[in-house]
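The data block below is run_28.tsv; it holds TSV, C-alpha atoms.
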```tsv
chain	number	residue	atom	x	y	z
A	1	MET	CA	-15.31	26.49	2.59
A	2	LEU	CA	-16.62	23.48	0.66
A	3	SER	CA	-19.59	21.79	2.31
A	4	PRO	CA	-19.89	17.98	2.60
A	5	MET	CA	-23.13	18.30	0.59
A	6	HIS	CA	-21.28	20.05	-2.27
A	7	VAL	CA	-18.65	17.30	-2.31
A	8	LYS	CA	-21.43	14.67	-2.34
A	9	LYS	CA	-22.85	16.29	-5.47
A	10	SER	CA	-19.50	15.77	-7.23
A	11	ILE	CA	-19.75	11.97	-6.88
A	12	LYS	CA	-19.54	10.10	-10.16
A	13	ILE	CA	-20.00	6.33	-10.35
A	14	GLU	CA	-17.13	4.94	-12.44
A	15	ASN	CA	-17.78	1.19	-12.24
A	16	VAL	CA	-20.23	-1.20	-10.62
A	17	VAL	CA	-19.15	-4.83	-10.32
A	18	ALA	CA	-21.80	-7.45	-9.60
A	19	SER	CA	-22.11	-11.22	-9.66
A	20	THR	CA	-24.86	-13.73	-10.35
A	21	ALA	CA	-25.21	-17.23	-11.79
A	22	ILE	CA	-27.22	-19.00	-14.46
A	23	GLY	CA	-27.77	-22.23	-12.54
A	24	GLN	CA	-25.71	-24.67	-14.59
A	25	GLU	CA	-22.25	-25.43	-15.95
A	26	ILE	CA	-21.75	-24.40	-19.55
A	27	ASP	CA	-19.47	-25.16	-22.49
A	28	LEU	CA	-17.82	-21.80	-23.13
A	29	LYS	CA	-16.21	-22.87	-26.41
A	30	SER	CA	-19.58	-23.88	-27.81
A	31	ILE	CA	-21.21	-20.65	-26.66
A	32	ALA	CA	-18.38	-18.54	-28.08
A	33	HIS	CA	-19.03	-19.99	-31.55
A	34	ARG	CA	-22.79	-19.37	-31.37
A	35	LEU	CA	-22.88	-16.05	-29.52
A	36	GLU	CA	-22.00	-13.24	-31.91
A	37	ASP	CA	-19.38	-10.82	-30.58
A	38	ALA	CA	-18.40	-13.07	-27.66
A	39	GLU	CA	-14.69	-13.18	-26.83
A	40	TYR	CA	-13.21	-16.41	-25.51
A	41	VAL	CA	-9.45	-16.80	-25.32
A	42	PRO	CA	-8.85	-19.31	-22.50
A	43	LYS	CA	-5.07	-18.86	-22.63
A	44	ARG	CA	-5.56	-15.21	-21.71
A	45	PHE	CA	-8.66	-15.34	-19.47
A	46	PRO	CA	-10.69	-18.35	-18.23
A	47	GLY	CA	-14.08	-16.77	-18.91
A	48	LEU	CA	-16.08	-15.75	-21.93
A	49	VAL	CA	-16.47	-11.97	-22.31
A	50	TYR	CA	-19.69	-10.59	-23.75
A	51	ARG	CA	-20.08	-6.83	-24.06
A	52	THR	CA	-23.32	-4.87	-24.29
A	53	LYS	CA	-23.44	-1.42	-25.84
A	54	ASN	CA	-26.50	0.12	-24.20
A	55	PRO	CA	-26.00	-0.01	-21.29
A	56	LYS	CA	-22.25	-0.35	-21.73
A	57	THR	CA	-21.22	-3.38	-19.65
A	58	ALA	CA	-19.11	-6.51	-19.92
A	59	ALA	CA	-20.35	-9.88	-18.69
A	60	LEU	CA	-17.67	-12.37	-17.72
A	61	VAL	CA	-19.23	-15.81	-18.04
A	62	PHE	CA	-17.45	-18.76	-16.44
A	63	ARG	CA	-17.77	-22.51	-17.05
A	64	SER	CA	-19.31	-22.94	-13.59
A	65	GLY	CA	-22.25	-20.77	-14.66
A	66	LYS	CA	-21.10	-17.85	-12.53
A	67	VAL	CA	-21.39	-14.46	-14.23
A	68	VAL	CA	-19.64	-11.23	-13.26
A	69	CYS	CA	-20.87	-7.94	-14.71
A	70	THR	CA	-18.42	-5.07	-14.83
A	71	GLY	CA	-18.15	-1.65	-16.43
A	72	ALA	CA	-21.66	-0.52	-15.48
A	73	LYS	CA	-22.14	3.11	-14.43
A	74	SER	CA	-25.13	2.33	-12.19
A	75	VAL	CA	-26.86	-0.54	-10.42
A	76	GLY	CA	-29.65	-0.23	-13.00
A	77	ASP	CA	-27.12	-0.67	-15.82
A	78	VAL	CA	-25.96	-3.94	-14.21
A	79	ALA	CA	-29.50	-5.33	-14.35
A	80	GLY	CA	-30.04	-4.01	-17.89
A	81	GLY	CA	-26.75	-5.39	-19.18
A	82	LEU	CA	-27.31	-8.82	-17.63
A	83	LYS	CA	-30.87	-8.94	-18.96
A	84	LYS	CA	-29.52	-8.47	-22.51
A	85	VAL	CA	-26.81	-11.11	-22.02
A	86	PHE	CA	-29.30	-13.66	-20.65
A	87	LYS	CA	-31.70	-12.94	-23.52
A	88	LYS	CA	-28.91	-13.64	-26.05
A	89	MET	CA	-27.97	-16.84	-24.21
A	90	ARG	CA	-31.59	-18.02	-24.27
A	91	GLU	CA	-31.76	-17.27	-28.01
A	92	ILE	CA	-28.93	-19.77	-28.63
A	93	GLY	CA	-30.63	-22.42	-26.49
A	94	ILE	CA	-29.10	-22.01	-23.04
A	95	ASP	CA	-31.58	-22.56	-20.21
A	96	VAL	CA	-30.72	-19.55	-18.05
A	97	LYS	CA	-32.05	-19.77	-14.49
A	98	GLU	CA	-31.28	-16.34	-13.08
A	99	SER	CA	-29.98	-16.03	-9.53
A	100	PRO	CA	-30.14	-12.84	-7.48
A	101	ILE	CA	-27.61	-10.18	-8.49
A	102	THR	CA	-25.09	-9.28	-5.77
A	103	ILE	CA	-23.22	-5.97	-5.93
A	104	GLN	CA	-19.58	-6.75	-5.15
A	105	ASN	CA	-17.96	-3.34	-5.52
A	106	ILE	CA	-18.81	0.21	-6.47
A	107	VAL	CA	-15.98	2.45	-7.62
A	108	ALA	CA	-16.70	6.18	-7.65
A	109	SER	CA	-14.84	9.45	-7.90
A	110	ALA	CA	-15.45	12.81	-6.25
A	111	ASP	CA	-13.71	16.16	-6.13
A	112	LEU	CA	-12.95	18.35	-3.11
A	113	GLU	CA	-12.02	21.15	-5.55
A	114	LYS	CA	-9.02	22.13	-3.47
A	115	GLU	CA	-5.30	21.31	-3.47
A	116	LEU	CA	-4.48	19.17	-0.44
A	117	ASN	CA	-1.42	18.71	1.76
A	118	LEU	CA	-1.39	14.92	2.03
A	119	ASN	CA	1.33	14.96	4.73
A	120	ALA	CA	-0.89	17.10	6.98
A	121	ILE	CA	-3.86	14.82	6.27
A	122	ALA	CA	-1.86	11.68	7.08
A	123	ILE	CA	-0.81	13.13	10.44
A	124	GLY	CA	-4.25	14.59	11.19
A	125	LEU	CA	-6.25	11.46	10.39
A	126	GLY	CA	-3.92	9.19	12.36
A	127	LEU	CA	-1.75	6.37	11.12
A	128	GLU	CA	-4.11	3.53	12.12
A	129	ASN	CA	-6.47	4.20	9.17
A	130	VAL	CA	-4.07	5.85	6.72
A	131	GLU	CA	-1.31	4.70	4.40
A	132	TYR	CA	0.75	7.37	2.74
A	133	GLU	CA	4.01	6.54	1.01
A	134	PRO	CA	4.48	9.11	-1.77
A	135	GLU	CA	7.53	7.27	-3.11
A	136	GLN	CA	5.30	4.22	-3.75
A	137	PHE	CA	1.97	5.81	-4.72
A	138	PRO	CA	0.98	9.47	-5.18
A	139	GLY	CA	-2.24	9.17	-3.18
A	140	LEU	CA	-3.12	8.75	0.45
A	141	VAL	CA	-5.08	5.57	1.27
A	142	TYR	CA	-7.78	6.16	3.89
A	143	ARG	CA	-9.54	3.03	5.15
A	144	LEU	CA	-12.92	3.52	6.77
A	145	SER	CA	-14.53	0.89	8.96
A	146	GLU	CA	-18.03	2.41	8.61
A	147	PRO	CA	-18.92	2.30	5.81
A	148	LYS	CA	-16.31	-0.32	4.93
A	149	VAL	CA	-14.65	1.43	1.99
A	150	VAL	CA	-11.27	2.72	0.93
A	151	ILE	CA	-10.79	6.31	-0.20
A	152	LEU	CA	-7.80	7.29	-2.29
A	153	VAL	CA	-7.06	10.97	-1.67
A	154	PHE	CA	-4.88	12.86	-4.15
A	155	GLY	CA	-3.10	16.20	-3.74
A	156	SER	CA	-5.32	17.64	-6.49
A	157	GLY	CA	-8.34	17.17	-4.23
A	158	LYS	CA	-9.66	14.28	-6.31
A	159	LEU	CA	-10.99	11.21	-4.49
A	160	VAL	CA	-11.51	7.61	-5.60
A	161	ILE	CA	-13.85	5.57	-3.41
A	162	THR	CA	-13.88	1.78	-3.69
A	163	GLY	CA	-15.28	-1.18	-1.81
A	164	GLY	CA	-18.83	0.05	-1.31
A	165	LYS	CA	-21.72	-2.31	-1.87
A	166	ARG	CA	-24.38	0.42	-2.10
A	167	ILE	CA	-24.46	3.97	-3.47
A	168	GLU	CA	-25.22	5.08	0.11
A	169	ASP	CA	-21.82	3.66	1.20
A	170	VAL	CA	-20.08	5.93	-1.31
A	171	GLU	CA	-22.11	8.96	-0.24
A	172	ALA	CA	-21.46	8.31	3.46
A	173	ALA	CA	-17.72	7.90	2.82
A	174	VAL	CA	-17.49	11.18	0.91
A	175	GLU	CA	-19.47	12.95	3.61
A	176	LYS	CA	-17.19	11.48	6.29
A	177	ILE	CA	-13.91	12.49	4.67
A	178	ALA	CA	-15.23	16.00	3.98
A	179	LYS	CA	-16.22	16.35	7.66
A	180	ASP	CA	-12.91	14.86	8.84
A	181	LEU	CA	-10.91	17.29	6.69
A	182	GLU	CA	-13.10	20.20	7.81
A	183	GLY	CA	-12.37	19.18	11.41
A	184	LEU	CA	-8.66	19.39	10.63
A	185	ASN	CA	-9.16	22.85	9.05
A	186	ILE	CA	-7.93	21.45	5.74
A	187	LEU	CA	-11.17	22.13	3.84
```

Is it possible to give me this structure as structure tokens?
Amino acid sequence: MLSPMHVKKSIKIENVVASTAIGQEIDLKSIAHRLEDAEYVPKRFPGLVYRTKNPKTAALVFRSGKVVCTGAKSVGDVAGGLKKVFKKMREIGIDVKESPITIQNIVASADLEKELNLNAIAIGLGLENVEYEPEQFPGLVYRLSEPKVVILVFGSGKLVITGGKRIEDVEAAVEKIAKDLEGLNIL
């Protein structure tokens, strides 16, 4: 039998999405010409994309001065990536006034290391928190109210957890589903 602790150890952060602002409106076209490696194609996407290599992140900078950081593998990588982006912006003369960084979403994966009968899980967990339509999507969607996250459960035993604002939300969600499935004698 797989313990909730063992499942928790299998958690891997796949993406952290965060937002902040630089305190002013900016001319993206002008910045795109001065900021090496910036991508700005307004017909395709309304923001300027600036990627950092270490840590590997992408900053989406909008005309309003709002900035979204995506692709980070940790909360620390968000801060590190944004720090590099703001440094580059200051180097080309932009007066960056940093706002607090808000984590919007953490996407993680985990593995129960066991093949699962999703029909049995759907019935066992109850239809009020579960969506399972195998003709539409191969996974079972399990919505938790506490923590407020969504867990995608696949027949392979793999999980995708999304919607958390803190790493602890992800850990609590994985612990909860492991306990719920143990209670149903599925794990």

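Note that the spacing between CA of Ile121 in chain A and CA of Lys158 in chain A amounts to 13.9 Å.
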
Practice prompt. Find the residue from A:Ile161, A:Leu152, A:Glu25, A:Lys176 that sits nearest to Leu118 in chain A; use all atoms listed in the file when measuring.
Written response: A:Leu152

Using all atoms listed in the file, find each residue in range 76-133 of chain A having at least one atom no more than 10 Å away from range 11-19 of chain A; report its shortest atom-to-atom pair and that distance in Å (one decimal), rows by chain then rising number, as JSON lines.
```
{"residue": "A:Gly76", "atom": "CA", "partner": "A:Val16", "partner_atom": "CA", "distance": 9.8}
{"residue": "A:Asp77", "atom": "CA", "partner": "A:Val16", "partner_atom": "CA", "distance": 8.6}
{"residue": "A:Val78", "atom": "CA", "partner": "A:Ala18", "partner_atom": "CA", "distance": 7.1}
{"residue": "A:Ala79", "atom": "CA", "partner": "A:Ala18", "partner_atom": "CA", "distance": 9.3}
{"residue": "A:Leu82", "atom": "CA", "partner": "A:Ser19", "partner_atom": "CA", "distance": 9.8}
{"residue": "A:Ser99", "atom": "CA", "partner": "A:Ser19", "partner_atom": "CA", "distance": 9.2}
{"residue": "A:Pro100", "atom": "CA", "partner": "A:Ser19", "partner_atom": "CA", "distance": 8.5}
{"residue": "A:Ile101", "atom": "CA", "partner": "A:Ser19", "partner_atom": "CA", "distance": 5.7}
{"residue": "A:Thr102", "atom": "CA", "partner": "A:Ser19", "partner_atom": "CA", "distance": 5.3}
{"residue": "A:Ile103", "atom": "CA", "partner": "A:Ala18", "partner_atom": "CA", "distance": 4.2}
{"residue": "A:Gln104", "atom": "CA", "partner": "A:Ala18", "partner_atom": "CA", "distance": 5.0}
{"residue": "A:Asn105", "atom": "CA", "partner": "A:Val17", "partner_atom": "CA", "distance": 5.2}
{"residue": "A:Ile106", "atom": "CA", "partner": "A:Val16", "partner_atom": "CA", "distance": 4.6}
{"residue": "A:Val107", "atom": "CA", "partner": "A:Asn15", "partner_atom": "CA", "distance": 5.1}
{"residue": "A:Ala108", "atom": "CA", "partner": "A:Ile13", "partner_atom": "CA", "distance": 4.3}
{"residue": "A:Ser109", "atom": "CA", "partner": "A:Lys12", "partner_atom": "CA", "distance": 5.3}
{"residue": "A:Ala110", "atom": "CA", "partner": "A:Ile11", "partner_atom": "CA", "distance": 4.4}
{"residue": "A:Asp111", "atom": "CA", "partner": "A:Ile11", "partner_atom": "CA", "distance": 7.4}
```

Worksheet item: range 128-137 of chain A: which residues within 10 Å, counting all atoms listed in the file, same-chain residues fewer than 3 positions away excluded, as an NGL selection string?
Response: :A and (118-119 or 121-125 or 140-145 or 150-154)

Prev. selection, C-alpha atoms, output as an mmCIF file, in the frame of the given file:
```cif
data_model
loop_
_atom_site.group_PDB
_atom_site.id
_atom_site.type_symbol
_atom_site.label_atom_id
_atom_site.label_comp_id
_atom_site.auth_asym_id
_atom_site.auth_seq_id
_atom_site.Cartn_x
_atom_site.Cartn_y
_atom_site.Cartn_z
ATOM 1 C CA LEU A 118 -1.390 14.920 2.030
ATOM 2 C CA ASN A 119 1.330 14.960 4.730
ATOM 3 C CA ILE A 121 -3.860 14.820 6.270
ATOM 4 C CA ALA A 122 -1.860 11.680 7.080
ATOM 5 C CA ILE A 123 -0.810 13.130 10.440
ATOM 6 C CA GLY A 124 -4.250 14.590 11.190
ATOM 7 C CA LEU A 125 -6.250 11.460 10.390
ATOM 8 C CA LEU A 140 -3.120 8.750 0.450
ATOM 9 C CA VAL A 141 -5.080 5.570 1.270
ATOM 10 C CA TYR A 142 -7.780 6.160 3.890
ATOM 11 C CA ARG A 143 -9.540 3.030 5.150
ATOM 12 C CA LEU A 144 -12.920 3.520 6.770
ATOM 13 C CA SER A 145 -14.530 0.890 8.960
ATOM 14 C CA VAL A 150 -11.270 2.720 0.930
ATOM 15 C CA ILE A 151 -10.790 6.310 -0.200
ATOM 16 C CA LEU A 152 -7.800 7.290 -2.290
ATOM 17 C CA VAL A 153 -7.060 10.970 -1.670
ATOM 18 C CA PHE A 154 -4.880 12.860 -4.150
#
```

Discussion item. Give me the residues near Lys56 in chain A as a ChimeraX atom specification, where near means some atom within 8 Å (using only C-alpha atoms) and where sequence neighbours in that chain fewer than 6 positions away do not count.
Written reply: /A:71-72,77,81

Worksheet entry | Å distance separating CA of Tyr50 in chain A from CA of Ala38 in chain A, one decimal place |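 Separating CA of Tyr50 in chain A from CA of Ala38 in chain A is a distance of 4.8 Å.
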
Worksheet item: Looking at only C-alpha atoms, which of A:Thr70, A:Leu127, A:Lys29, A:Gln24 is the one that sits closest to Asp95 in chain A?
Response: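 Nearest candidate to Asp95 in chain A out of A:Thr70, A:Leu127, A:Lys29, A:Gln24: A:Gln24.
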
Item to complete: Point out the residue among A:Gly126, A:Gly65, A:Pro138, A:Pro147 with the least atom-to-atom distance to Arg166 in chain A, counting only C-alpha atoms.
Response: A:Pro147

Could you rebuild range 147-161 of chain A with N, CA, C and O atoms and give me the result as a short mmCIF file (atom, residue, chain, number, x, y, z; two decimals), in the frame of the given file?
```
data_model
loop_
_atom_site.label_atom_id
_atom_site.label_comp_id
_atom_site.auth_asym_id
_atom_site.auth_seq_id
_atom_site.Cartn_x
_atom_site.Cartn_y
_atom_site.Cartn_z
N PRO A 147 -18.73 3.54 6.57
CA PRO A 147 -18.92 2.30 5.81
C PRO A 147 -17.56 1.68 5.46
O PRO A 147 -16.55 2.38 5.44
N LYS A 148 -17.56 0.39 5.21
CA LYS A 148 -16.31 -0.32 4.93
C LYS A 148 -15.88 -0.06 3.48
O LYS A 148 -16.26 -0.78 2.56
N VAL A 149 -15.15 1.03 3.31
CA VAL A 149 -14.65 1.43 1.99
C VAL A 149 -13.23 1.95 2.13
O VAL A 149 -12.75 2.20 3.24
N VAL A 150 -12.59 2.11 0.98
CA VAL A 150 -11.27 2.72 0.93
C VAL A 150 -11.39 3.97 0.07
O VAL A 150 -12.00 3.94 -1.00
N ILE A 151 -10.81 5.06 0.56
CA ILE A 151 -10.79 6.31 -0.20
C ILE A 151 -9.35 6.62 -0.55
O ILE A 151 -8.48 6.67 0.33
N LEU A 152 -9.10 6.81 -1.84
CA LEU A 152 -7.80 7.29 -2.29
C LEU A 152 -7.91 8.81 -2.40
O LEU A 152 -8.81 9.31 -3.08
N VAL A 153 -7.03 9.51 -1.70
CA VAL A 153 -7.06 10.97 -1.67
C VAL A 153 -5.81 11.47 -2.39
O VAL A 153 -4.70 11.07 -2.05
N PHE A 154 -6.00 12.34 -3.38
CA PHE A 154 -4.88 12.86 -4.15
C PHE A 154 -4.67 14.33 -3.85
O PHE A 154 -5.60 15.04 -3.46
N GLY A 155 -3.45 14.81 -4.02
CA GLY A 155 -3.10 16.20 -3.74
C GLY A 155 -3.94 17.19 -4.53
O GLY A 155 -4.12 18.34 -4.11
N SER A 156 -4.48 16.77 -5.66
CA SER A 156 -5.32 17.64 -6.49
C SER A 156 -6.70 17.87 -5.88
O SER A 156 -7.46 18.72 -6.36
N GLY A 157 -7.01 17.09 -4.83
CA GLY A 157 -8.34 17.17 -4.23
C GLY A 157 -9.29 16.11 -4.77
O GLY A 157 -10.42 15.98 -4.32
N LYS A 158 -8.82 15.34 -5.75
CA LYS A 158 -9.66 14.28 -6.31
C LYS A 158 -9.66 13.08 -5.37
O LYS A 158 -8.67 12.79 -4.69
N LEU A 159 -10.81 12.39 -5.33
CA LEU A 159 -10.99 11.21 -4.49
C LEU A 159 -11.41 10.04 -5.38
O LEU A 159 -12.15 10.22 -6.34
N VAL A 160 -10.98 8.84 -5.01
CA VAL A 160 -11.51 7.61 -5.60
C VAL A 160 -11.99 6.77 -4.43
O VAL A 160 -11.25 6.53 -3.48
N ILE A 161 -13.24 6.34 -4.50
CA ILE A 161 -13.85 5.57 -3.41
C ILE A 161 -14.12 4.17 -3.95
O ILE A 161 -14.72 4.02 -5.02
#
```
